[in-house]
file work_35.pdb (PDB, C-alpha atoms (C1' of nucleotides))
ATOM      1  CA  MET A   1     -62.637 -45.472 -27.997  1.00  0.00           C
ATOM      2  CA  ASP A   2     -63.297 -46.478 -24.427  1.00  0.00           C
ATOM      3  CA  ARG A   3     -60.551 -47.104 -21.996  1.00  0.00           C
ATOM      4  CA  LEU A   4     -61.136 -50.795 -21.555  1.00  0.00           C
ATOM      5  CA  LYS A   5     -60.947 -51.419 -25.280  1.00  0.00           C
ATOM      6  CA  THR A   6     -57.772 -49.353 -25.672  1.00  0.00           C
ATOM      7  CA  SER A   7     -56.166 -51.239 -22.840  1.00  0.00           C
ATOM      8  CA  ARG A   8     -57.136 -54.568 -24.351  1.00  0.00           C
ATOM      9  CA  ILE A   9     -55.738 -53.625 -27.759  1.00  0.00           C
ATOM     10  CA  LEU A  10     -52.455 -52.371 -26.319  1.00  0.00           C
ATOM     11  CA  LYS A  11     -52.015 -55.564 -24.337  1.00  0.00           C
ATOM     12  CA  ASP A  12     -52.949 -57.668 -27.329  1.00  0.00           C
ATOM     13  CA  ILE A  13     -50.383 -55.935 -29.542  1.00  0.00           C
ATOM     14  CA  TYR A  14     -47.749 -56.520 -26.905  1.00  0.00           C
ATOM     15  CA  ARG A  15     -48.677 -60.163 -26.587  1.00  0.00           C
ATOM     16  CA  ARG A  16     -48.408 -60.666 -30.337  1.00  0.00           C
ATOM     17  CA  LEU A  17     -45.120 -58.832 -30.631  1.00  0.00           C
ATOM     18  CA  PHE A  18     -43.573 -60.741 -27.757  1.00  0.00           C
ATOM     19  CA  ALA A  19     -44.820 -64.051 -29.133  1.00  0.00           C
ATOM     20  CA  SER A  20     -43.314 -63.192 -32.493  1.00  0.00           C
ATOM     21  CA  TYR A  21     -39.986 -61.602 -31.556  1.00  0.00           C
ATOM     22  CA  GLY A  22     -39.342 -62.738 -27.970  1.00  0.00           C
ATOM     23  CA  PRO A  23     -37.413 -60.775 -25.357  1.00  0.00           C
ATOM     24  CA  GLN A  24     -35.284 -57.986 -26.829  1.00  0.00           C
ATOM     25  CA  HIS A  25     -32.784 -57.647 -23.957  1.00  0.00           C
ATOM     26  CA  TRP A  26     -32.758 -53.882 -23.966  1.00  0.00           C
ATOM     27  CA  TRP A  27     -30.874 -51.636 -23.497  1.00  0.00           C
ATOM     28  CA  PRO A  28     -27.851 -53.174 -25.282  1.00  0.00           C
ATOM     29  CA  ALA A  29     -25.191 -51.764 -22.944  1.00  0.00           C
ATOM     30  CA  GLU A  30     -22.897 -52.943 -20.165  1.00  0.00           C
ATOM     31  CA  THR A  31     -23.553 -50.109 -17.717  1.00  0.00           C
ATOM     32  CA  PRO A  32     -26.227 -47.479 -17.036  1.00  0.00           C
ATOM     33  CA  PHE A  33     -23.793 -44.752 -18.037  1.00  0.00           C
ATOM     34  CA  GLU A  34     -23.326 -46.489 -21.364  1.00  0.00           C
ATOM     35  CA  VAL A  35     -27.126 -46.468 -21.717  1.00  0.00           C
ATOM     36  CA  ILE A  36     -27.200 -42.712 -21.212  1.00  0.00           C
ATOM     37  CA  THR A  37     -24.374 -42.163 -23.684  1.00  0.00           C
ATOM     38  CA  GLY A  38     -26.053 -44.413 -26.218  1.00  0.00           C
ATOM     39  CA  ALA A  39     -29.385 -42.630 -25.747  1.00  0.00           C
ATOM     40  CA  ILE A  40     -27.773 -39.360 -26.794  1.00  0.00           C
ATOM     41  CA  LEU A  41     -25.736 -40.847 -29.615  1.00  0.00           C
ATOM     42  CA  THR A  42     -28.655 -42.728 -31.143  1.00  0.00           C
ATOM     43  CA  GLN A  43     -30.664 -39.567 -31.759  1.00  0.00           C
ATOM     44  CA  SER A  44     -31.722 -39.836 -35.368  1.00  0.00           C
ATOM     45  CA  ALA A  45     -28.997 -42.356 -36.077  1.00  0.00           C
ATOM     46  CA  ALA A  46     -28.810 -46.036 -36.954  1.00  0.00           C
ATOM     47  CA  TRP A  47     -27.821 -48.138 -33.947  1.00  0.00           C
ATOM     48  CA  THR A  48     -25.078 -49.929 -35.906  1.00  0.00           C
ATOM     49  CA  ASN A  49     -23.362 -46.563 -36.308  1.00  0.00           C
ATOM     50  CA  VAL A  50     -23.803 -45.818 -32.619  1.00  0.00           C
ATOM     51  CA  GLU A  51     -22.170 -49.115 -31.659  1.00  0.00           C
ATOM     52  CA  LYS A  52     -19.005 -48.120 -33.464  1.00  0.00           C
ATOM     53  CA  ALA A  53     -18.935 -44.795 -31.673  1.00  0.00           C
ATOM     54  CA  ILE A  54     -19.385 -46.520 -28.301  1.00  0.00           C
ATOM     55  CA  GLN A  55     -16.533 -48.879 -29.116  1.00  0.00           C
ATOM     56  CA  ASN A  56     -14.315 -45.927 -29.976  1.00  0.00           C
ATOM     57  CA  LEU A  57     -15.181 -44.305 -26.657  1.00  0.00           C
ATOM     58  CA  LYS A  58     -14.367 -47.508 -24.794  1.00  0.00           C
ATOM     59  CA  GLN A  59     -11.041 -47.893 -26.555  1.00  0.00           C
ATOM     60  CA  ALA A  60     -10.151 -44.306 -25.753  1.00  0.00           C
ATOM     61  CA  LYS A  61     -11.266 -44.913 -22.149  1.00  0.00           C
ATOM     62  CA  ALA A  62     -13.628 -41.997 -22.583  1.00  0.00           C
ATOM     63  CA  LEU A  63     -16.879 -43.728 -21.660  1.00  0.00           C
ATOM     64  CA  ASN A  64     -17.152 -42.106 -18.251  1.00  0.00           C
ATOM     65  CA  PRO A  65     -18.249 -38.648 -17.126  1.00  0.00           C
ATOM     66  CA  ASP A  66     -14.841 -37.487 -15.963  1.00  0.00           C
ATOM     67  CA  ALA A  67     -13.165 -38.359 -19.265  1.00  0.00           C
ATOM     68  CA  LEU A  68     -16.010 -36.748 -21.199  1.00  0.00           C
ATOM     69  CA  ARG A  69     -15.450 -33.523 -19.310  1.00  0.00           C
ATOM     70  CA  ARG A  70     -11.703 -33.566 -19.847  1.00  0.00           C
ATOM     71  CA  ILE A  71     -11.504 -34.523 -23.510  1.00  0.00           C
ATOM     72  CA  PRO A  72     -11.480 -31.613 -25.986  1.00  0.00           C
ATOM     73  CA  GLN A  73     -14.756 -31.371 -27.858  1.00  0.00           C
ATOM     74  CA  ASP A  74     -13.202 -31.767 -31.311  1.00  0.00           C
ATOM     75  CA  LYS A  75     -11.390 -34.893 -30.180  1.00  0.00           C
ATOM     76  CA  LEU A  76     -14.606 -36.304 -28.770  1.00  0.00           C
ATOM     77  CA  ALA A  77     -16.354 -35.494 -32.039  1.00  0.00           C
ATOM     78  CA  LYS A  78     -13.811 -37.593 -33.925  1.00  0.00           C
ATOM     79  CA  LEU A  79     -14.391 -40.585 -31.640  1.00  0.00           C
ATOM     80  CA  ILE A  80     -18.136 -40.507 -32.293  1.00  0.00           C
ATOM     81  CA  HIS A  81     -18.082 -39.420 -35.931  1.00  0.00           C
ATOM     82  CA  THR A  82     -19.676 -42.650 -37.214  1.00  0.00           C
ATOM     83  CA  CYS A  83     -23.079 -41.900 -35.700  1.00  0.00           C
ATOM     84  CA  GLY A  84     -23.497 -38.565 -37.448  1.00  0.00           C
ATOM     85  CA  TYR A  85     -24.122 -35.059 -36.081  1.00  0.00           C
ATOM     86  CA  PHE A  86     -20.838 -35.589 -34.296  1.00  0.00           C
ATOM     87  CA  ASN A  87     -20.181 -31.962 -33.387  1.00  0.00           C
ATOM     88  CA  ALA A  88     -23.672 -31.499 -31.987  1.00  0.00           C
ATOM     89  CA  LYS A  89     -23.531 -34.785 -30.105  1.00  0.00           C
ATOM     90  CA  ALA A  90     -20.064 -34.126 -28.696  1.00  0.00           C
ATOM     91  CA  ARG A  91     -21.451 -30.922 -27.193  1.00  0.00           C
ATOM     92  CA  LYS A  92     -24.438 -32.814 -25.813  1.00  0.00           C
ATOM     93  CA  LEU A  93     -22.297 -35.487 -24.154  1.00  0.00           C
ATOM     94  CA  LYS A  94     -20.135 -32.850 -22.532  1.00  0.00           C
ATOM     95  CA  ALA A  95     -23.222 -30.949 -21.372  1.00  0.00           C
ATOM     96  CA  PHE A  96     -24.578 -34.060 -19.691  1.00  0.00           C
ATOM     97  CA  ALA A  97     -21.232 -34.938 -18.101  1.00  0.00           C
ATOM     98  CA  GLU A  98     -20.912 -31.420 -16.666  1.00  0.00           C
ATOM     99  CA  TRP A  99     -24.436 -31.473 -15.284  1.00  0.00           C
ATOM    100  CA  PHE A 100     -23.999 -34.980 -13.891  1.00  0.00           C
ATOM    101  CA  GLY A 101     -20.776 -34.070 -12.108  1.00  0.00           C
ATOM    102  CA  GLU A 102     -22.000 -30.762 -10.720  1.00  0.00           C
ATOM    103  CA  GLY A 103     -25.364 -31.982  -9.536  1.00  0.00           C
ATOM    104  CA  TYR A 104     -24.734 -35.590  -8.551  1.00  0.00           C
ATOM    105  CA  GLY A 105     -20.972 -36.055  -8.203  1.00  0.00           C
ATOM    106  CA  ASP A 106     -21.058 -38.590 -11.052  1.00  0.00           C
ATOM    107  CA  SER A 107     -23.160 -40.885  -8.891  1.00  0.00           C
ATOM    108  CA  LEU A 108     -25.895 -42.800 -10.734  1.00  0.00           C
ATOM    109  CA  GLU A 109     -27.268 -43.857  -7.386  1.00  0.00           C
ATOM    110  CA  ARG A 110     -27.755 -40.247  -6.340  1.00  0.00           C
ATOM    111  CA  LEU A 111     -29.156 -39.344  -9.738  1.00  0.00           C
ATOM    112  CA  PHE A 112     -31.807 -42.030  -9.754  1.00  0.00           C
ATOM    113  CA  ALA A 113     -32.630 -41.499  -6.107  1.00  0.00           C
ATOM    114  CA  VAL A 114     -34.445 -38.401  -7.310  1.00  0.00           C
ATOM    115  CA  GLU A 115     -38.176 -38.885  -7.777  1.00  0.00           C
ATOM    116  CA  THR A 116     -39.101 -39.671 -11.376  1.00  0.00           C
ATOM    117  CA  ASN A 117     -41.070 -36.573 -12.276  1.00  0.00           C
ATOM    118  CA  PRO A 118     -38.711 -33.922 -10.928  1.00  0.00           C
ATOM    119  CA  LEU A 119     -35.810 -35.871 -12.407  1.00  0.00           C
ATOM    120  CA  ARG A 120     -37.461 -35.861 -15.823  1.00  0.00           C
ATOM    121  CA  GLU A 121     -37.861 -32.094 -15.630  1.00  0.00           C
ATOM    122  CA  LYS A 122     -34.223 -31.698 -14.641  1.00  0.00           C
ATOM    123  CA  LEU A 123     -33.056 -33.930 -17.498  1.00  0.00           C
ATOM    124  CA  LEU A 124     -35.093 -31.907 -19.988  1.00  0.00           C
ATOM    125  CA  ARG A 125     -33.187 -28.794 -18.992  1.00  0.00           C
ATOM    126  CA  VAL A 126     -29.860 -30.366 -20.005  1.00  0.00           C
ATOM    127  CA  HIS A 127     -28.766 -29.350 -23.497  1.00  0.00           C
ATOM    128  CA  GLY A 128     -29.386 -32.177 -25.951  1.00  0.00           C
ATOM    129  CA  ILE A 129     -31.849 -34.120 -23.842  1.00  0.00           C
ATOM    130  CA  GLY A 130     -35.397 -34.006 -25.150  1.00  0.00           C
ATOM    131  CA  GLU A 131     -38.413 -36.032 -24.123  1.00  0.00           C
ATOM    132  CA  GLU A 132     -37.505 -39.310 -25.786  1.00  0.00           C
ATOM    133  CA  THR A 133     -33.911 -39.249 -24.593  1.00  0.00           C
ATOM    134  CA  ALA A 134     -34.966 -38.304 -21.062  1.00  0.00           C
ATOM    135  CA  ASP A 135     -37.471 -41.149 -20.947  1.00  0.00           C
ATOM    136  CA  SER A 136     -34.958 -43.628 -22.383  1.00  0.00           C
ATOM    137  CA  ILE A 137     -32.568 -42.648 -19.616  1.00  0.00           C
ATOM    138  CA  LEU A 138     -35.257 -42.948 -16.941  1.00  0.00           C
ATOM    139  CA  LEU A 139     -36.472 -46.334 -18.149  1.00  0.00           C
ATOM    140  CA  TYR A 140     -33.371 -48.070 -19.419  1.00  0.00           C
ATOM    141  CA  ALA A 141     -30.711 -46.612 -17.124  1.00  0.00           C
ATOM    142  CA  GLY A 142     -32.819 -45.793 -14.072  1.00  0.00           C
ATOM    143  CA  ASN A 143     -35.429 -48.574 -14.199  1.00  0.00           C
ATOM    144  CA  LYS A 144     -38.251 -46.074 -13.781  1.00  0.00           C
ATOM    145  CA  PRO A 145     -41.704 -47.022 -15.129  1.00  0.00           C
ATOM    146  CA  VAL A 146     -41.793 -44.449 -17.938  1.00  0.00           C
ATOM    147  CA  PHE A 147     -43.019 -45.309 -21.427  1.00  0.00           C
ATOM    148  CA  VAL A 148     -40.715 -44.215 -24.247  1.00  0.00           C
ATOM    149  CA  ILE A 149     -42.349 -42.829 -27.375  1.00  0.00           C
ATOM    150  CA  ASP A 150     -40.524 -42.645 -30.691  1.00  0.00           C
ATOM    151  CA  ALA A 151     -41.275 -42.269 -34.376  1.00  0.00           C
ATOM    152  CA  TYR A 152     -41.793 -46.033 -34.771  1.00  0.00           C
ATOM    153  CA  THR A 153     -44.353 -46.084 -31.972  1.00  0.00           C
ATOM    154  CA  ARG A 154     -46.428 -43.349 -33.561  1.00  0.00           C
ATOM    155  CA  ARG A 155     -46.160 -44.838 -37.037  1.00  0.00           C
ATOM    156  CA  ILE A 156     -47.161 -48.337 -35.965  1.00  0.00           C
ATOM    157  CA  MET A 157     -49.987 -47.286 -33.666  1.00  0.00           C
ATOM    158  CA  ASP A 158     -51.278 -44.867 -36.237  1.00  0.00           C
ATOM    159  CA  ARG A 159     -51.435 -47.702 -38.717  1.00  0.00           C
ATOM    160  CA  VAL A 160     -53.108 -49.989 -36.257  1.00  0.00           C
ATOM    161  CA  GLY A 161     -55.693 -47.264 -35.744  1.00  0.00           C
ATOM    162  CA  LEU A 162     -54.856 -46.135 -32.229  1.00  0.00           C
ATOM    163  CA  LYS A 163     -54.513 -42.393 -31.736  1.00  0.00           C
ATOM    164  CA  PRO A 164     -54.195 -40.291 -28.622  1.00  0.00           C
ATOM    165  CA  THR A 165     -56.496 -37.351 -28.002  1.00  0.00           C
ATOM    166  CA  LYS A 166     -53.543 -35.066 -28.392  1.00  0.00           C
ATOM    167  CA  ASP A 167     -51.006 -35.808 -31.125  1.00  0.00           C
ATOM    168  CA  SER A 168     -47.966 -34.852 -29.097  1.00  0.00           C
ATOM    169  CA  TYR A 169     -45.229 -36.744 -27.298  1.00  0.00           C
ATOM    170  CA  GLY A 170     -47.119 -36.370 -24.020  1.00  0.00           C
ATOM    171  CA  GLY A 171     -50.363 -37.422 -25.666  1.00  0.00           C
ATOM    172  CA  TRP A 172     -48.853 -40.619 -26.999  1.00  0.00           C
ATOM    173  CA  GLN A 173     -47.135 -41.359 -23.729  1.00  0.00           C
ATOM    174  CA  LYS A 174     -50.386 -40.854 -21.845  1.00  0.00           C
ATOM    175  CA  LEU A 175     -52.120 -43.301 -24.172  1.00  0.00           C
ATOM    176  CA  PHE A 176     -49.744 -46.055 -23.074  1.00  0.00           C
ATOM    177  CA  MET A 177     -49.322 -45.111 -19.446  1.00  0.00           C
ATOM    178  CA  ASP A 178     -53.034 -44.631 -18.800  1.00  0.00           C
ATOM    179  CA  ASN A 179     -53.841 -48.000 -20.273  1.00  0.00           C
ATOM    180  CA  LEU A 180     -51.042 -50.249 -19.069  1.00  0.00           C
ATOM    181  CA  ASP A 181     -49.743 -51.166 -15.638  1.00  0.00           C
ATOM    182  CA  ALA A 182     -46.734 -49.092 -14.575  1.00  0.00           C
ATOM    183  CA  ASP A 183     -44.409 -52.031 -15.027  1.00  0.00           C
ATOM    184  CA  VAL A 184     -40.730 -51.399 -15.788  1.00  0.00           C
ATOM    185  CA  LYS A 185     -40.236 -54.784 -17.427  1.00  0.00           C
ATOM    186  CA  LEU A 186     -43.322 -54.334 -19.595  1.00  0.00           C
ATOM    187  CA  PHE A 187     -42.384 -50.792 -20.658  1.00  0.00           C
ATOM    188  CA  ASN A 188     -38.824 -51.899 -21.373  1.00  0.00           C
ATOM    189  CA  GLU A 189     -39.891 -54.777 -23.576  1.00  0.00           C
ATOM    190  CA  TYR A 190     -42.814 -53.028 -25.244  1.00  0.00           C
ATOM    191  CA  HIS A 191     -40.789 -50.110 -26.583  1.00  0.00           C
ATOM    192  CA  ALA A 192     -37.979 -52.417 -27.706  1.00  0.00           C
ATOM    193  CA  LEU A 193     -40.473 -54.638 -29.525  1.00  0.00           C
ATOM    194  CA  LEU A 194     -42.025 -51.647 -31.284  1.00  0.00           C
ATOM    195  CA  VAL A 195     -38.581 -50.624 -32.506  1.00  0.00           C
ATOM    196  CA  THR A 196     -37.883 -54.127 -33.747  1.00  0.00           C
ATOM    197  CA  LEU A 197     -41.203 -54.178 -35.562  1.00  0.00           C
ATOM    198  CA  GLY A 198     -40.610 -50.679 -36.877  1.00  0.00           C
ATOM    199  CA  LYS A 199     -37.314 -51.701 -38.413  1.00  0.00           C
ATOM    200  CA  ASN A 200     -39.090 -54.435 -40.319  1.00  0.00           C
ATOM    201  CA  ILE A 201     -41.939 -52.488 -41.824  1.00  0.00           C
ATOM    202  CA  CYS A 202     -42.256 -50.310 -44.852  1.00  0.00           C
ATOM    203  CA  LYS A 203     -41.730 -46.696 -43.884  1.00  0.00           C
ATOM    204  CA  THR A 204     -42.533 -45.074 -47.179  1.00  0.00           C
ATOM    205  CA  ARG A 205     -46.024 -46.370 -47.886  1.00  0.00           C
ATOM    206  CA  PRO A 206     -48.596 -45.703 -45.227  1.00  0.00           C
ATOM    207  CA  GLN A 207     -51.261 -47.769 -46.953  1.00  0.00           C
ATOM    208  CA  CYS A 208     -51.615 -51.355 -45.853  1.00  0.00           C
ATOM    209  CA  GLY A 209     -51.400 -53.868 -48.643  1.00  0.00           C
ATOM    210  CA  GLN A 210     -49.071 -51.983 -50.945  1.00  0.00           C
ATOM    211  CA  CYS A 211     -45.949 -53.105 -49.225  1.00  0.00           C
ATOM    212  CA  PRO A 212     -45.380 -56.816 -48.696  1.00  0.00           C
ATOM    213  CA  LEU A 213     -43.752 -56.206 -45.345  1.00  0.00           C
ATOM    214  CA  ASN A 214     -46.581 -53.966 -44.313  1.00  0.00           C
ATOM    215  CA  THR A 215     -49.106 -56.585 -45.303  1.00  0.00           C
ATOM    216  CA  ASP A 216     -47.137 -58.968 -43.182  1.00  0.00           C
ATOM    217  CA  ILE A 217     -47.573 -56.732 -40.163  1.00  0.00           C
ATOM    218  CA  CYS A 218     -51.261 -56.329 -40.697  1.00  0.00           C
ATOM    219  CA  ARG A 219     -51.628 -60.073 -40.852  1.00  0.00           C
ATOM    220  CA  HIS A 220     -49.389 -60.440 -37.874  1.00  0.00           C
ATOM    221  CA  LEU A 221     -51.323 -57.964 -35.804  1.00  0.00           C
ATOM    222  CA  HIS A 222     -54.681 -59.036 -37.209  1.00  0.00           C
ATOM    223  CA  VAL A 223     -55.666 -55.527 -38.161  1.00  0.00           C
TER     224      VAL A 223
ATOM    225  C1'  DG B   1     -27.670 -41.700 -56.167  1.00  0.00           C
ATOM    226  C1'  DG B   2     -31.353 -40.942 -52.798  1.00  0.00           C
ATOM    227  C1'  DC B   3     -33.518 -42.017 -48.603  1.00  0.00           C
ATOM    228  C1'  DC B   4     -33.478 -42.432 -43.749  1.00  0.00           C
ATOM    229  C1'  DA B   5     -31.950 -44.113 -39.093  1.00  0.00           C
ATOM    230  C1'  DG B   6     -34.125 -45.932 -31.652  1.00  0.00           C
ATOM    231  C1'  DG B   7     -34.134 -36.493 -32.065  1.00  0.00           C
ATOM    232  C1'  DA B   8     -33.184 -31.976 -30.394  1.00  0.00           C
ATOM    233  C1'  DC B   9     -32.569 -27.206 -30.879  1.00  0.00           C
ATOM    234  C1'  DA B  10     -32.710 -22.526 -32.788  1.00  0.00           C
ATOM    235  C1'  DC B  11     -35.333 -19.356 -35.037  1.00  0.00           C
ATOM    236  C1'  DC B  12     -39.482 -17.569 -36.917  1.00  0.00           C
ATOM    237  C1'  DA B  13     -44.350 -16.074 -37.436  1.00  0.00           C
TER     238       DA B  13
ATOM    239  C1'  DT C   1     -48.010 -23.595 -30.321  1.00  0.00           C
ATOM    240  C1'  DG C   2     -46.518 -24.986 -34.705  1.00  0.00           C
ATOM    241  C1'  DG C   3     -43.581 -25.171 -38.805  1.00  0.00           C
ATOM    242  C1'  DT C   4     -38.967 -25.302 -40.867  1.00  0.00           C
ATOM    243  C1'  DG C   5     -33.899 -25.548 -41.302  1.00  0.00           C
ATOM    244  C1'  DT C   6     -29.771 -27.594 -39.327  1.00  0.00           C
ATOM    245  C1'  DC C   7     -26.811 -31.015 -37.635  1.00  0.00           C
ATOM    246  C1'  DA C   8     -23.972 -35.547 -40.897  1.00  0.00           C
ATOM    247  C1'  DT C   9     -22.427 -40.603 -41.185  1.00  0.00           C
ATOM    248  C1'  DG C  10     -23.195 -45.211 -43.113  1.00  0.00           C
ATOM    249  C1'  DG C  11     -26.176 -48.969 -44.976  1.00  0.00           C
ATOM    250  C1'  DC C  12     -29.285 -50.391 -48.381  1.00  0.00           C
TER     251       DC C  12
END
call {"tool": "encode", "arguments": {"input": "work_35.pdb", "output": "structure tokens"}}
result
Amino acid sequence: MDRLKTSRILKDIYRRLFASYGPQHWWPAETPFEVITGAILTQSAAWTNVEKAIQNLKQAKALNPDALRRIPQDKLAKLIHTCGYFNAKARKLKAFAEWFGEGYGDSLERLFAVETNPLREKLLRVHGIGEETADSILLYAGNKPVFVIDAYTRRIMDRVGLKPTKDSYGGWQKLFMDNLDADVKLFNEYHALLVTLGKNICKTRPQCGQCPLNTDICRHLHV
DNA sequence: GGCCAGGACACCA
DNA sequence: TGGTGTCATGGC
């Protein structure tokens, strides 16, 4: 598929999603640090369960890097138990807090003053931060024009018939970033809209027409 | 009762 | 490089 056509389709999908769902107001958090925490906690977890964990952290006054470093890991695990994988995620939060303190003195300003690409590489070296989490942090906490790819994105685009040359995270990301303007607001809204759509479609049946919700999407997207 | 959520990592061939 | 097991709660 040529570049112009891909670009047109991607923009058209966005237009339809925005017209249907409106602005999503992402990321649902009060501070950039809360965005980062949420990005780690939401790994393979339902957001409703993450919200409870965030509330627990707030109540315990543990939603800051210094507190995350000080609190014993098992105690932290109990605070975030609702979002699952609590032991693994407690370790991840502490790993980030350590790295953030050592490298940037807990300063978000200093962190995001780093150029996007080197910063992404640095984030990927922190235990518990993979590509999607790194990009969520860059986009939603740092306002960097980076497109976030997740399982919903692949599933929806696959169904629409758009596929990258390389079926990898980077391949999918390139598909969006090569064919859309590097616009923070657009990337923010687009990913959020794909998640909203993803939550509303049938995940178990890949064939259009078998699932009423899926049919709905096809009609909605005119595909 | 089973499936799966806004993934990442360790280990293996 | 790619495939598989593991981590684990809560909602439907």
call {"tool": "residues_around", "arguments": {"input": "work_35.pdb", "residues": "DG6 (chain B)", "least_positions_apart": "3", "cutoff": "9 Å", "atoms": "all atoms listed in the file", "output": "ChimeraX atom specification"}}
result
/A:39,42-47,150-152,192,195
call {"tool": "interface_residues", "arguments": {"input": "work_35.pdb", "of": "chain A", "to": "chain C", "cutoff": "8 Å", "atoms": "only C-alpha atoms (C1' of nucleotides)", "output": "list of chain:residue names"}}
result
A:Asn49, A:His81, A:Thr82, A:Cys83, A:Gly84, A:Tyr85, A:Phe86, A:Asn87, A:Ala88
call {"tool": "atom_distance", "arguments": {"input": "work_35.pdb", "atom1": "CA of Asn143 (chain A)", "atom2": "CA of Ser20 (chain A)"}}
result
24.7 Å
call {"tool": "interface_residues", "arguments": {"input": "work_35.pdb", "of": "chain B", "to": "chain A", "cutoff": "7 Å", "atoms": "only C-alpha atoms (C1' of nucleotides)", "output": "PyMOL selection string"}}
result
chain B and resi 5-8
call {"tool": "axis_aligned_box", "arguments": {"input": "work_35.pdb", "around": "region 6-9 of chain B", "padding_each_side": "4 Å", "output": "lines of an AutoDock Vina configuration file"}}
result
center_x = -33.4
center_y = -36.6
center_z = -31.2
size_x = 9.6
size_y = 26.7
size_z = 9.7
